[in-house]
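Colleague: Structure file structure_10.tsv (TSV, C-alpha atoms) right here:
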```tsv
chain	number	residue	atom	x	y	z
A	1	MET	CA	-6.89	38.22	36.30
A	2	ASN	CA	-9.50	37.40	38.91
A	3	ALA	CA	-12.84	39.17	39.38
A	4	ALA	CA	-11.68	41.33	42.30
A	5	THR	CA	-8.66	42.57	40.35
A	6	VAL	CA	-10.72	43.34	37.25
A	7	ALA	CA	-13.40	45.09	39.33
A	8	ALA	CA	-10.84	47.24	41.15
A	9	GLU	CA	-9.08	48.14	37.91
A	10	LEU	CA	-12.33	49.09	36.18
A	11	ALA	CA	-13.39	51.16	39.20
A	12	ALA	CA	-10.08	53.05	39.15
A	13	ARG	CA	-10.41	53.74	35.43
A	14	LEU	CA	-14.03	54.89	35.82
A	15	GLU	CA	-13.11	57.20	38.68
A	16	ALA	CA	-10.23	58.67	36.65
A	17	ARG	CA	-12.86	59.59	34.03
A	18	HIS	CA	-15.26	60.95	36.70
A	19	GLN	CA	-17.82	58.36	35.63
A	20	GLU	CA	-20.32	57.36	38.32
A	21	TYR	CA	-20.74	53.60	38.76
A	22	ALA	CA	-21.54	50.84	41.23
A	23	LEU	CA	-20.20	47.31	41.41
A	24	GLY	CA	-22.76	44.62	42.11
A	25	GLY	CA	-23.07	40.86	41.79
A	26	ALA	CA	-20.72	38.57	43.68
A	27	ILE	CA	-18.24	41.40	44.34
A	28	ALA	CA	-20.82	43.33	46.39
A	29	LEU	CA	-22.19	40.10	47.86
A	30	GLY	CA	-18.77	39.45	49.41
A	31	TYR	CA	-19.29	42.50	51.64
A	32	TRP	CA	-22.89	41.82	52.69
A	33	GLY	CA	-23.24	38.04	52.65
A	34	ALA	CA	-21.07	34.98	52.40
A	35	PRO	CA	-18.52	35.46	49.60
A	36	ARG	CA	-18.77	33.12	46.65
A	37	GLY	CA	-16.68	32.55	43.59
A	38	THR	CA	-17.55	34.33	40.39
A	39	VAL	CA	-16.45	34.33	36.79
A	40	ASP	CA	-17.64	37.84	35.95
A	41	VAL	CA	-17.89	41.40	37.21
A	42	ASP	CA	-21.17	43.32	37.31
A	43	VAL	CA	-20.95	47.09	36.95
A	44	THR	CA	-23.68	49.69	36.52
A	45	LEU	CA	-22.73	52.86	34.67
A	46	PHE	CA	-24.75	55.96	35.39
A	47	LEU	CA	-25.19	57.14	31.83
A	48	PRO	CA	-28.58	57.94	30.32
A	49	PRO	CA	-29.83	54.82	28.51
A	50	GLU	CA	-30.34	56.81	25.32
A	51	ARG	CA	-26.57	57.58	25.20
A	52	THR	CA	-25.46	54.08	24.21
A	53	GLY	CA	-22.81	55.46	21.87
A	54	GLU	CA	-21.16	57.24	24.78
A	55	CYS	CA	-21.22	54.02	26.78
A	56	VAL	CA	-19.60	52.08	23.93
A	57	LEU	CA	-16.85	54.69	23.63
A	58	LEU	CA	-16.27	54.59	27.39
A	59	LEU	CA	-15.99	50.80	27.39
A	60	GLY	CA	-13.35	51.06	24.68
A	61	GLU	CA	-11.45	53.69	26.69
A	62	LEU	CA	-11.55	51.37	29.71
A	63	GLY	CA	-9.73	48.72	27.70
A	64	CYS	CA	-12.65	46.33	27.34
A	65	ASP	CA	-12.86	43.86	24.46
A	66	PHE	CA	-16.18	43.67	22.60
A	67	SER	CA	-18.01	44.15	19.32
A	68	SER	CA	-19.13	47.79	19.22
A	69	GLU	CA	-22.16	46.96	17.10
A	70	LYS	CA	-23.34	44.11	19.31
A	71	ALA	CA	-22.73	46.08	22.52
A	72	ALA	CA	-24.62	49.12	21.21
A	73	ALA	CA	-27.54	46.98	20.05
A	74	SER	CA	-27.75	45.15	23.39
A	75	LEU	CA	-27.53	48.41	25.35
A	76	ARG	CA	-30.31	49.94	23.26
A	77	GLU	CA	-32.56	46.90	23.49
A	78	HIS	CA	-31.85	45.67	27.03
A	79	GLY	CA	-29.88	48.37	28.86
A	80	PHE	CA	-27.18	45.73	29.29
A	81	CYS	CA	-24.20	44.30	27.44
A	82	ARG	CA	-21.42	41.81	28.09
A	83	VAL	CA	-17.79	42.68	27.39
A	84	THR	CA	-14.48	41.27	28.58
A	85	HIS	CA	-11.64	42.91	30.45
A	86	GLY	CA	-8.42	41.14	31.33
A	87	GLY	CA	-9.94	37.95	29.91
A	88	LEU	CA	-12.88	38.07	32.33
A	89	ALA	CA	-16.55	38.68	31.47
A	90	VAL	CA	-17.95	42.04	32.55
A	91	ASP	CA	-21.71	42.57	32.62
A	92	VAL	CA	-22.42	46.26	32.04
A	93	PHE	CA	-25.77	47.72	33.05
A	94	LEU	CA	-27.23	51.16	32.40
A	95	ALA	CA	-29.58	52.81	34.87
A	96	THR	CA	-32.82	52.05	33.01
A	97	LEU	CA	-35.30	52.16	35.93
A	98	PRO	CA	-36.08	54.88	38.48
A	99	PHE	CA	-34.92	52.46	41.20
A	100	TYR	CA	-31.33	53.02	40.05
A	101	ASP	CA	-31.60	56.65	41.21
A	102	ILE	CA	-32.61	55.47	44.67
A	103	ALA	CA	-29.87	52.83	44.76
A	104	PHE	CA	-27.31	55.41	43.61
A	105	THR	CA	-27.82	57.45	46.78
A	106	ARG	CA	-27.29	54.33	48.92
A	107	ARG	CA	-23.98	53.15	47.41
A	108	LYS	CA	-21.21	52.30	49.84
A	109	TRP	CA	-17.47	52.82	49.47
A	110	VAL	CA	-15.31	49.84	50.41
A	111	GLU	CA	-11.74	48.64	50.03
A	112	LEU	CA	-11.11	46.18	47.20
A	113	GLU	CA	-7.62	45.14	46.13
A	114	GLY	CA	-6.14	48.18	47.86
A	115	ARG	CA	-8.53	50.66	46.21
A	116	THR	CA	-11.69	52.35	47.37
A	117	VAL	CA	-14.60	51.35	45.13
A	118	ALA	CA	-18.37	51.97	45.00
A	119	ILE	CA	-20.67	48.98	45.54
A	120	TRP	CA	-24.40	48.56	46.06
A	121	ASP	CA	-25.49	48.64	49.68
A	122	ALA	CA	-26.92	45.39	51.08
A	123	GLU	CA	-30.57	46.35	50.60
A	124	SER	CA	-30.17	47.62	47.02
A	125	LEU	CA	-28.18	44.51	46.14
A	126	ALA	CA	-31.02	42.37	47.49
A	127	VAL	CA	-33.52	44.28	45.31
A	128	PHE	CA	-31.35	43.75	42.22
A	129	LYS	CA	-30.96	40.06	43.05
A	130	MET	CA	-34.75	39.77	43.40
A	131	MET	CA	-35.14	41.49	40.03
A	132	PHE	CA	-33.09	38.74	38.36
A	133	PHE	CA	-34.99	36.16	40.41
A	134	ARG	CA	-32.75	33.21	39.56
A	135	ARG	CA	-32.18	30.34	41.98
A	136	LYS	CA	-28.63	31.54	42.74
A	137	ASP	CA	-29.92	35.07	43.35
A	138	LEU	CA	-32.46	33.83	45.89
A	139	ALA	CA	-29.66	31.89	47.63
A	140	ASP	CA	-27.57	35.09	47.65
A	141	VAL	CA	-30.44	37.07	49.18
A	142	GLU	CA	-30.80	34.43	51.89
A	143	LYS	CA	-27.07	34.78	52.64
A	144	ILE	CA	-27.43	38.55	52.88
A	145	LEU	CA	-30.39	38.24	55.27
A	146	ARG	CA	-28.53	35.75	57.49
A	147	THR	CA	-25.30	37.75	57.54
A	148	GLN	CA	-26.80	41.21	58.02
A	149	GLY	CA	-29.41	40.17	60.59
A	150	PRO	CA	-31.08	43.12	62.33
A	151	ARG	CA	-28.93	45.69	60.46
A	152	PHE	CA	-30.81	44.86	57.25
A	153	ASP	CA	-33.87	47.00	56.39
A	154	ARG	CA	-36.30	44.29	55.32
A	155	PRO	CA	-39.39	46.56	55.03
A	156	TRP	CA	-37.49	48.92	52.71
A	157	VAL	CA	-36.62	46.06	50.34
A	158	ARG	CA	-40.19	44.80	50.32
A	159	GLN	CA	-41.50	48.30	49.54
A	160	GLN	CA	-39.07	48.66	46.63
A	161	LEU	CA	-40.12	45.30	45.21
A	162	GLU	CA	-43.80	46.15	45.54
A	163	THR	CA	-43.23	49.52	43.84
A	164	LEU	CA	-41.33	47.83	41.01
A	165	TYR	CA	-43.58	44.81	40.47
A	166	GLY	CA	-46.89	45.26	42.25
A	167	HIS	CA	-48.24	43.21	45.12
A	168	ARG	CA	-49.13	40.13	43.01
A	169	ASP	CA	-45.69	39.45	41.58
A	170	PRO	CA	-44.15	36.15	42.76
A	171	ARG	CA	-41.04	38.03	43.85
A	172	LEU	CA	-42.99	39.40	46.81
A	173	SER	CA	-44.19	36.02	48.04
A	174	ASN	CA	-40.67	34.64	47.61
A	175	TRP	CA	-39.28	37.63	49.51
A	176	ASP	CA	-41.80	37.09	52.31
A	177	ASP	CA	-40.84	33.41	52.49
A	178	LEU	CA	-37.13	34.27	52.69
A	179	VAL	CA	-37.79	36.78	55.46
A	180	LYS	CA	-39.81	34.21	57.45
A	181	GLU	CA	-37.08	31.60	57.02
A	182	THR	CA	-34.31	33.96	58.16
A	183	PRO	CA	-35.31	35.83	61.31
A	184	ALA	CA	-33.57	39.17	61.88
A	185	SER	CA	-32.44	38.36	65.42
```
As structure tokens, how would this structure be written, given the file I've shared?

Modeller:
Amino acid sequence: MNAATVAAELAARLEARHQEYALGGAIALGYWGAPRGTVDVDVTLFLPPERTGECVLLLGELGCDFSSEKAAASLREHGFCRVTHGGLAVDVFLATLPFYDIAFTRRKWVELEGRTVAIWDAESLAVFKMMFFRRKDLADVEKILRTQGPRFDRPWVRQQLETLYGHRDPRLSNWDDLVKETPAS
């Protein structure tokens, strides 16, 4: 199965269980920037981080393949674990920071593989990409800025980054450079 198919299937199964979620990564990027290939699916589950056991049970109910012990340990330590579904890697995140509550209210509903799914909005996705701060994430943020143009709320993203990391973090200077290099008009 490809990433879009796995993401849509997981979303349908989560919705059937009334579990709040948001798809991120390259799946969401395809709606806000230039699509790119991916070999995994990123999904955030809105479960309290201290309920890792519930998350592990849910992942099993969704049909994911993983080691329960390793997944539980990773969720407890990092708020993240990697499982597989349909032979594809799925990165599972728990809402470990207050920013997730803000991003939750900004989710968008889009069509994916004939289903309606929840994804991060463009600005929240940019914040998450800046959190990871890898070279490919910075390239993705640049794509979002170029594609969204004046529709994109650049000051909001900067404020979120400053709240998360403080004004001296290198993410802010990198953000400012990206904004200068990609005018909104």

Colleague: With all atoms listed in the file as the atoms that count, which of A:Ser74, A:Ala22, A:Val127, A:Leu29 lies nearest to Thr163 of chain A?

Modeller: A:Val127

Colleague: Under the rule that all atoms listed in the file are counted, which of A:Ala72, A:Trp175, A:Leu59, A:Arg146 is the nearest residue to Gln159 of chain A?

Modeller: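 The shortest atom-to-atom distance to Gln159 of chain A comes from A:Trp175.
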
Colleague: Set the distance at 12 Å and use only C-alpha atoms: which residues neighbour Arg36 of chain A once local chain neighbours fewer than 2 positions away are removed? I'd like the list as a list in words.

Modeller: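 Counting only C-alpha atoms, the residues come to Ala3, Ala4, Gly25, Ala26, Ile27, Ala28, Leu29, Gly30, Tyr31, Trp32, Gly33, Ala34, Thr38, Val39, Asp40, Lys136, Asp137, Ala139, Asp140, Lys143 and Ile144 of chain A.
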
Colleague: With C-alpha atoms retained, could you export that selection as a PDB file, in the frame of the given file?

Modeller:
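Saved result, result-v5.pdb, follows:
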```pdb
ATOM      1  CA  ALA A   3     -12.840  39.170  39.380  1.00  0.00           C
ATOM      2  CA  ALA A   4     -11.680  41.330  42.300  1.00  0.00           C
ATOM      3  CA  GLY A  25     -23.070  40.860  41.790  1.00  0.00           C
ATOM      4  CA  ALA A  26     -20.720  38.570  43.680  1.00  0.00           C
ATOM      5  CA  ILE A  27     -18.240  41.400  44.340  1.00  0.00           C
ATOM      6  CA  ALA A  28     -20.820  43.330  46.390  1.00  0.00           C
ATOM      7  CA  LEU A  29     -22.190  40.100  47.860  1.00  0.00           C
ATOM      8  CA  GLY A  30     -18.770  39.450  49.410  1.00  0.00           C
ATOM      9  CA  TYR A  31     -19.290  42.500  51.640  1.00  0.00           C
ATOM     10  CA  TRP A  32     -22.890  41.820  52.690  1.00  0.00           C
ATOM     11  CA  GLY A  33     -23.240  38.040  52.650  1.00  0.00           C
ATOM     12  CA  ALA A  34     -21.070  34.980  52.400  1.00  0.00           C
ATOM     13  CA  THR A  38     -17.550  34.330  40.390  1.00  0.00           C
ATOM     14  CA  VAL A  39     -16.450  34.330  36.790  1.00  0.00           C
ATOM     15  CA  ASP A  40     -17.640  37.840  35.950  1.00  0.00           C
ATOM     16  CA  LYS A 136     -28.630  31.540  42.740  1.00  0.00           C
ATOM     17  CA  ASP A 137     -29.920  35.070  43.350  1.00  0.00           C
ATOM     18  CA  ALA A 139     -29.660  31.890  47.630  1.00  0.00           C
ATOM     19  CA  ASP A 140     -27.570  35.090  47.650  1.00  0.00           C
ATOM     20  CA  LYS A 143     -27.070  34.780  52.640  1.00  0.00           C
ATOM     21  CA  ILE A 144     -27.430  38.550  52.880  1.00  0.00           C
TER      22      ILE A 144
END
```

Colleague: With only C-alpha atoms as the atoms that count, which of A:Arg13, A:Arg171, A:His85, A:Arg106 lies nearest to Asp65 of chain A?

Modeller: A:His85

Colleague: As an exercise, work out the distance from atom CA of Gln148 of chain A to atom CA of Thr44 of chain A in Å and give it to one decimal place.

Modeller: 23.3 Å

Colleague: When you draw a straight line from atom CA of Leu23 of chain A to atom CA of Val43 of chain A, how long is it in Å?

Modeller: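 Between atom CA of Leu23 of chain A and atom CA of Val43 of chain A the gap works out to 4.5 Å.
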
Colleague: Atom CA of Leu45 of chain A and atom CA of Glu20 of chain A, how far apart in Å?

Modeller: 6.3 Å

Colleague: Choose the residue, out of A:Met130, A:Pro35, A:Leu62, A:Leu178, that has the smallest atom-to-atom separation from Ala16 of chain A; count only C-alpha atoms.

Modeller: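 Once distances to Ala16 of chain A are computed over only C-alpha atoms, the minimum belongs to A:Leu62.
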
Colleague: Name the closest residue to Trp120 of chain A among the candidates A:Leu138, A:Thr5, A:Arg82, A:Tyr100; distances are taken between atoms, counting all atoms listed in the file.

Modeller: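 Going through A:Leu138, A:Thr5, A:Arg82, A:Tyr100 one by one, the smallest distance to Trp120 of chain A is for A:Tyr100.
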
Colleague: Of the candidates A:Arg154, A:Arg135, A:His167, A:His78, which one gets nearest to Pro49 of chain A if we count only C-alpha atoms?

Modeller: A:His78

Colleague: As AutoDock Vina command-line options, please: the centre and edge lengths in Å, to one decimal, of an axis-aligned box enclosing every listed atom of segment 11-29 of chain A with 5 Å added on each side.

Modeller:
```
--center_x -16.6 --center_y 49.8 --center_z 40.9 --size_x 23.0 --size_y 32.4 --size_z 23.8
```

Colleague: Excluding Thr182 of chain A and any residue of its chain fewer than 5 positions from it, enumerate the residues within 9 Å of it, using all atoms listed in the file, and give them as number ranges by chain.

Modeller: A: 142, 145-146, 149, 177

Colleague: Report as a PyMOL selection string all protein, DNA and RNA residues lying within 8 Å of Ala12 of chain A, evaluated on only C-alpha atoms, omitting residues in the same chain fewer than 4 positions from it.

Modeller: chain A and resi 8+16+115+117

Colleague: Please tell me which residues are no farther than 6 Å from (-34.2, 39.6, 63.1) in the file, counting all atoms listed in the file, and write them as a short mmCIF file (atom, residue, chain, number, x, y, z; two decimals) with C-alpha atoms, in the frame of the given file.

Modeller:
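Full text of selection.cif as output:
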```cif
data_model
loop_
_atom_site.label_atom_id
_atom_site.label_comp_id
_atom_site.auth_asym_id
_atom_site.auth_seq_id
_atom_site.Cartn_x
_atom_site.Cartn_y
_atom_site.Cartn_z
CA GLY A 149 -29.41 40.17 60.59
CA PRO A 150 -31.08 43.12 62.33
CA PRO A 183 -35.31 35.83 61.31
CA ALA A 184 -33.57 39.17 61.88
CA SER A 185 -32.44 38.36 65.42
#
```

Colleague: Considering all atoms listed in the file, return as a list in words whatever protein or nucleic-acid residues lie within 12 Å of Gly53 of chain A, sequence-local ones (same chain, fewer than 2 positions apart) excluded.

Modeller: Leu47, Pro48, Pro49, Glu50, Arg51, Cys55, Val56, Leu57, Leu58, Leu59, Gly60, Ser68, Glu69, Lys70, Ala71, Ala72, Ala73, Ser74, Leu75 and Arg76 of chain A
